[in-house]
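**Q** Below you'll find upload_12.cif; it's mmCIF, C-alpha atoms.
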```cif
data_structure
#
loop_
_atom_site.label_atom_id
_atom_site.label_comp_id
_atom_site.auth_asym_id
_atom_site.auth_seq_id
_atom_site.Cartn_x
_atom_site.Cartn_y
_atom_site.Cartn_z
CA GLU A 79 11.58 -9.21 -30.62
CA SER A 80 10.56 -9.64 -27.00
CA THR A 81 7.49 -7.49 -27.47
CA ARG A 82 5.12 -8.65 -30.16
CA ASP A 83 1.61 -8.17 -31.33
CA ALA A 84 -0.50 -11.25 -30.77
CA GLU A 85 -3.32 -11.93 -33.18
CA ARG A 86 -6.35 -13.47 -31.58
CA PRO A 87 -7.94 -16.40 -33.42
CA SER A 88 -11.62 -16.07 -34.16
CA ARG A 89 -13.88 -18.13 -31.92
CA HIS A 90 -17.46 -19.10 -32.52
CA SER A 91 -19.46 -20.91 -29.86
CA ASP A 92 -23.10 -21.25 -28.92
CA GLY A 93 -24.66 -21.18 -25.48
CA ASP A 94 -22.79 -18.96 -23.05
CA ARG A 95 -21.00 -16.85 -25.65
CA ARG A 96 -20.95 -13.16 -24.71
CA ASN A 97 -22.39 -10.54 -27.02
CA GLU A 98 -20.00 -10.50 -29.98
CA TYR A 99 -20.58 -6.78 -30.41
CA GLN A 100 -19.51 -5.80 -26.91
CA ASP A 101 -16.12 -4.13 -26.50
CA MET A 102 -13.18 -6.49 -26.20
CA ILE A 103 -10.87 -5.99 -23.24
CA THR A 104 -7.45 -5.47 -24.78
CA THR A 105 -4.73 -6.99 -22.61
CA LEU A 106 -0.93 -6.93 -22.50
CA LEU A 107 0.95 -9.86 -20.89
CA VAL A 108 4.19 -8.91 -19.13
CA ASP A 109 6.36 -11.71 -17.72
CA ASP A 110 9.95 -12.75 -18.31
CA HIS A 111 8.99 -16.44 -18.44
CA GLN A 112 7.79 -17.50 -21.88
CA MET A 113 5.94 -20.55 -20.55
CA ILE A 114 3.79 -18.35 -18.32
CA ARG A 115 2.97 -16.01 -21.20
CA MET A 116 2.13 -18.97 -23.42
CA GLY A 117 -0.13 -20.46 -20.77
CA LEU A 118 -1.98 -17.20 -20.24
CA GLN A 119 -2.29 -16.65 -23.97
CA ALA A 120 -3.72 -20.14 -24.47
CA TYR A 121 -6.27 -19.67 -21.70
CA PHE A 122 -7.42 -16.24 -22.87
CA THR A 123 -8.20 -17.63 -26.32
CA THR A 124 -11.12 -19.36 -24.54
CA GLN A 125 -12.50 -16.04 -23.29
CA ASP A 126 -14.66 -14.24 -25.84
CA ASP A 127 -14.27 -10.78 -24.29
CA ILE A 128 -10.52 -10.73 -23.56
CA GLU A 129 -8.07 -10.05 -26.37
CA VAL A 130 -4.32 -10.38 -25.86
CA ILE A 131 -2.83 -7.69 -28.09
CA GLY A 132 0.79 -8.18 -27.09
CA GLU A 133 3.42 -9.72 -24.85
CA ALA A 134 6.55 -8.33 -23.18
CA GLU A 135 9.35 -10.10 -21.34
CA SER A 136 10.60 -7.07 -19.41
CA GLY A 137 9.31 -3.85 -17.93
CA ALA A 138 11.13 -1.82 -20.56
CA ASP A 139 9.47 -3.78 -23.35
CA ALA A 140 6.08 -3.29 -21.71
CA VAL A 141 6.55 0.48 -21.53
CA ALA A 142 7.61 0.58 -25.17
CA PHE A 143 4.53 -1.41 -26.19
CA VAL A 144 2.14 0.85 -24.27
CA GLU A 145 3.66 3.90 -25.95
CA ARG A 146 2.63 2.39 -29.30
CA GLN A 147 -0.64 0.73 -28.39
CA PRO A 148 -2.15 1.37 -24.91
CA PRO A 149 -4.17 -1.64 -23.70
CA ASP A 150 -7.16 -1.66 -21.37
CA VAL A 151 -5.40 -3.97 -18.91
CA VAL A 152 -1.79 -4.99 -18.24
CA LEU A 153 -0.95 -8.23 -16.43
CA MET A 154 2.34 -7.32 -14.77
CA ASP A 155 5.00 -9.55 -13.25
CA LEU A 156 7.32 -7.85 -10.73
CA ASN A 157 10.77 -9.46 -10.95
CA MET A 158 12.05 -8.91 -14.48
CA PRO A 159 15.30 -7.87 -16.19
CA GLU A 160 16.07 -4.33 -17.41
CA MET A 161 13.16 -2.74 -15.57
CA ASP A 162 11.09 -4.31 -12.78
CA GLY A 163 7.31 -4.36 -12.64
CA VAL A 164 7.02 -1.53 -10.13
CA GLU A 165 8.92 0.96 -12.30
CA ALA A 166 7.11 -0.28 -15.40
CA THR A 167 3.78 0.23 -13.66
CA ARG A 168 4.69 3.79 -12.73
CA ARG A 169 5.75 4.65 -16.28
CA ILE A 170 2.78 2.99 -17.91
CA LYS A 171 0.35 4.93 -15.71
CA GLN A 172 2.10 8.13 -16.78
CA ILE A 173 1.86 7.19 -20.45
CA SER A 174 -1.67 5.77 -20.35
CA PRO A 175 -3.63 6.59 -17.18
CA ARG A 176 -6.63 4.64 -18.48
CA SER A 177 -4.63 1.40 -18.67
CA GLN A 178 -5.26 -0.64 -15.53
CA ILE A 179 -2.42 -2.66 -14.03
CA ILE A 180 -2.98 -6.06 -12.44
CA VAL A 181 0.10 -7.37 -10.67
CA LEU A 182 0.39 -11.13 -11.18
CA THR A 183 3.29 -12.43 -9.12
CA SER A 184 4.53 -15.10 -6.73
CA HIS A 185 5.46 -12.53 -4.06
CA HIS A 186 3.16 -11.38 -1.28
CA ASP A 187 5.59 -9.62 1.06
CA ASP A 188 5.17 -5.98 2.06
CA GLU A 189 8.27 -4.91 0.13
CA TYR A 190 6.52 -5.98 -3.06
CA ILE A 191 2.88 -5.15 -2.31
CA PHE A 192 3.08 -1.53 -1.24
CA PRO A 193 5.55 -0.23 -3.84
CA ALA A 194 3.42 -1.79 -6.57
CA ILE A 195 0.22 -0.23 -5.25
CA ARG A 196 1.91 3.13 -4.74
CA ALA A 197 3.17 2.97 -8.33
CA GLY A 198 -0.41 2.69 -9.58
CA ALA A 199 -1.35 -1.00 -9.66
CA LEU A 200 -5.10 -1.48 -9.31
CA SER A 201 -5.10 -5.16 -8.37
CA TYR A 202 -2.56 -7.53 -6.82
CA LEU A 203 -2.91 -11.27 -7.44
CA LEU A 204 -0.75 -14.34 -6.96
CA LYS A 205 0.13 -16.78 -9.72
CA ASN A 206 -1.71 -19.64 -8.04
CA ILE A 207 -5.02 -17.90 -8.86
CA ASP A 208 -7.75 -19.88 -10.61
CA PRO A 209 -7.80 -18.94 -14.31
CA ASP A 210 -11.49 -18.03 -14.22
CA ASP A 211 -10.87 -15.74 -11.25
CA LEU A 212 -8.06 -14.07 -13.19
CA ALA A 213 -10.36 -13.49 -16.15
CA ASN A 214 -12.95 -11.96 -13.86
CA ALA A 215 -10.28 -9.73 -12.31
CA ILE A 216 -9.48 -8.45 -15.81
CA ARG A 217 -13.16 -7.69 -16.40
CA LYS A 218 -13.34 -5.84 -13.09
CA ALA A 219 -10.17 -3.92 -13.91
CA LYS A 220 -11.78 -2.66 -17.12
CA LEU A 221 -14.48 -1.18 -14.87
CA GLY A 222 -11.92 0.27 -12.46
CA GLU A 223 -12.66 -2.28 -9.72
CA ALA A 224 -9.74 -3.65 -7.69
CA VAL A 225 -9.19 -7.28 -6.77
CA LEU A 226 -6.67 -8.27 -4.09
CA HIS A 227 -5.49 -11.72 -3.05
CA PRO A 228 -6.84 -12.35 0.49
CA CYS A 229 -3.41 -12.22 2.15
CA VAL A 230 -2.62 -9.00 0.30
CA ALA A 231 -5.96 -7.50 1.29
CA ALA A 232 -5.22 -8.34 4.94
CA ARG A 233 -1.92 -6.47 4.78
CA VAL A 234 -3.55 -3.45 3.14
CA VAL A 235 -6.30 -3.38 5.77
CA LYS A 236 -3.71 -3.61 8.51
CA GLU A 237 -1.85 -0.69 6.98
CA VAL A 238 -4.99 1.43 6.66
CA GLN A 239 -6.01 0.70 10.25
CA GLY A 240 -2.74 2.16 11.40
CA LEU A 241 -1.48 -0.96 13.14
CA ARG A 242 2.04 -0.11 11.98
CA ASP A 243 2.27 2.92 14.32
CA GLU A 244 0.75 5.53 12.05
CA LEU A 245 1.76 8.38 14.38
CA ASN A 246 5.43 7.67 13.79
CA PRO A 247 6.04 6.12 10.36
CA PHE A 248 9.77 5.92 11.14
CA VAL A 249 9.41 3.84 14.31
CA GLU A 250 10.86 0.73 12.63
CA LEU A 251 14.02 2.49 11.43
CA THR A 252 17.24 2.15 13.40
CA ASP A 253 19.15 5.28 14.42
CA ARG A 254 21.66 4.70 11.64
CA GLU A 255 18.89 4.24 9.07
CA MET A 256 17.34 7.51 10.26
CA GLU A 257 20.67 9.27 9.77
CA THR A 258 20.94 7.77 6.30
CA LEU A 259 17.40 8.86 5.42
CA ARG A 260 18.11 12.45 6.51
CA LEU A 261 21.19 12.55 4.29
CA ILE A 262 19.23 11.11 1.36
CA ALA A 263 16.67 13.88 1.86
CA GLU A 264 19.51 16.40 1.73
CA GLY A 265 20.40 15.08 -1.73
CA MET A 266 23.63 13.30 -0.84
CA SER A 267 24.98 10.49 -2.99
CA ASN A 268 25.85 7.08 -1.53
CA ARG A 269 29.55 8.01 -1.49
CA ASP A 270 28.84 11.28 0.33
CA ILE A 271 26.67 9.47 2.87
CA ALA A 272 29.38 6.87 3.41
CA ASP A 273 31.95 9.62 4.04
CA ALA A 274 29.62 11.54 6.37
CA LEU A 275 28.81 8.46 8.48
CA THR A 276 32.28 6.88 8.17
CA ILE A 277 30.89 3.66 6.77
CA SER A 278 31.30 1.79 3.48
CA GLU A 279 29.12 2.39 0.42
CA ARG A 280 27.97 -1.22 0.69
CA THR A 281 26.67 -0.50 4.19
CA VAL A 282 24.91 2.62 2.88
CA LYS A 283 23.21 0.54 0.19
CA SER A 284 22.13 -1.95 2.85
CA HIS A 285 20.64 0.85 4.96
CA ILE A 286 18.78 2.22 1.93
CA THR A 287 17.36 -1.22 1.11
CA ASN A 288 16.09 -1.53 4.68
CA ILE A 289 14.61 1.98 4.61
CA LEU A 290 12.70 1.34 1.38
CA SER A 291 11.39 -1.98 2.66
CA LYS A 292 10.25 -0.64 6.04
CA LEU A 293 8.59 2.46 4.60
CA HIS A 294 7.07 0.57 1.62
CA LEU A 295 8.82 2.79 -0.92
CA SER A 296 10.40 1.81 -4.23
CA ASP A 297 13.37 4.16 -4.68
CA ARG A 298 15.51 6.81 -2.95
CA THR A 299 13.65 9.67 -4.65
CA GLN A 300 10.42 8.53 -3.02
CA ALA A 301 12.30 8.20 0.28
CA ALA A 302 13.55 11.80 0.06
CA VAL A 303 10.10 13.15 -0.78
CA TYR A 304 8.54 11.07 2.01
CA ALA A 305 11.10 12.31 4.55
CA TRP A 306 10.39 15.95 3.75
CA ARG A 307 6.62 15.42 3.69
CA GLU A 308 6.63 13.67 7.07
CA GLY A 309 8.79 16.37 8.64
CA ILE A 310 11.84 14.24 9.34
CA MET A 311 14.12 17.15 8.50
CA ARG A 312 12.60 19.05 11.40
CA ARG A 313 12.97 16.18 13.86
CA ASP A 314 15.70 16.29 16.47
#
```
Let me see the structure of the file written as structure tokens.
**A**
Amino acid sequence: ESTRDAERPSRHSDGDRRNEYQDMITTLLVDDHQMIRMGLQAYFTTQDDIEVIGEAESGADAVAFVERQPPDVVLMDLNMPEMDGVEATRRIKQISPRSQIIVLTSHHDDEYIFPAIRAGALSYLLKNIDPDDLANAIRKAKLGEAVLHPCVAARVVKEVQGLRDELNPFVELTDREMETLRLIAEGMSNRDIADALTISERTVKSHITNILSKLHLSDRTQAAVYAWREGIMRRD
């Protein structure tokens, strides 16, 4: 099976060993590349307070695992088959709000960062992170403390400071994308939108992809809710 329980070998060391009676931080590894999971698993066996209780190679497998055995922390890749990391993060937070999600990915573009954070990810790190820093991020996550890669933090700060024209969140959308968003908010399907705008369904899908990317949303349902909340349906 792609999701499996992982037994942790016992470790006994002198010197810097942490209190053996302190709570272990149970961790789930989610990545579609086996070599990455194996590498993480091997490293975490050197950490006395982090216990890998399972692995998953897709978002769907991760959700299924959490339903059976909620971990303290989930290390979540984003690009995976069946269900991506953003959707898996959203579902896991619904199933187990106490489970903290750390995104561990190679992507640091806005279209990945903001959907993941909106879905409930606490931390966002890149795969070139130093292993010890990753372990410390897991410890912080257990305490509810976020850790962001510097370039990710810069984008988040920029967003919070309103440098993306906070007064008009739709400023980056083209006129056609605005029309498409209004029709999405009205509940139209892609085919209905294509008929209404006299364009192909492929073009509609392209517009929707651009809308989600520019507004940092992950799906059309979020886009519809966002449009109503921001008053787009009342705009001329």
**Q** In Å to one decimal, how far is atom CA of Phe192 of chain A from atom CA of Leu295 of chain A?
**A**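 For atom CA of Leu295 of chain A relative to atom CA of Phe192 of chain A, the distance reads 7.2 Å.
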**Q** Expand the PyMOL selection byres ((chain A and resi 194) around 12) into the individual residues it matches in the shown file, reporting them as a ChimeraX atom specification.
**A** /A:154-157,162-169,171,179-183,185-193,195-203,230,294-297
**Q** Would you work out the distance separating atom CA of Met158 of chain A from atom CA of Leu259 of chain A, expressed in Å to one decimal?
**A** 27.2 Å
**Q** For the PyMOL selection byres ((chain A and resi 270-275) around 12), applied here, can you spell out every residue it catches as an NGL selection string?
**A** :A and (253-269 or 276-286)
**Q** May I ask which of the residues A:Ser177, A:Thr287, A:Gln119, A:Thr124 is the closest one to Leu221 of chain A, counting all atoms listed in the file?
**A** A:Ser177
**Q** Quick one: apply the PyMOL selection byres ((chain A and resi 112) around 12) to the file and drop the selected residues here as an MDAnalysis selection string.
**A** chainID A and resid 80:81 107:111 113:119 133:136
**Q** Provide the atom CA of Leu212 of chain A to atom CA of Ile103 of chain A distance in Å, to one decimal place.
**A** 13.2 Å
**Q** Which residue out of A:Gln172, A:Thr104, A:Ser184, A:Thr299 has the minimum interatomic distance to Ile216 of chain A when only C-alpha atoms are used?
**A**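 Comparing A:Gln172, A:Thr104, A:Ser184, A:Thr299 against Ile216 of chain A, the winner is A:Thr104.
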**Q** Identify which of the residues A:Met102, A:Ala120, A:Val249, A:Ile310 lies closest to Pro209 of chain A, counting all atoms listed in the file when measuring atom-to-atom distances.
**A** A:Ala120
**Q** Restricting the calculation to all atoms listed in the file, which member of A:Ala302, A:Ala142, A:Leu204, A:Leu106 is positioned closest to Leu226 of chain A?
**A**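 That would be A:Leu204, the residue with the smallest distance to Leu226 of chain A.
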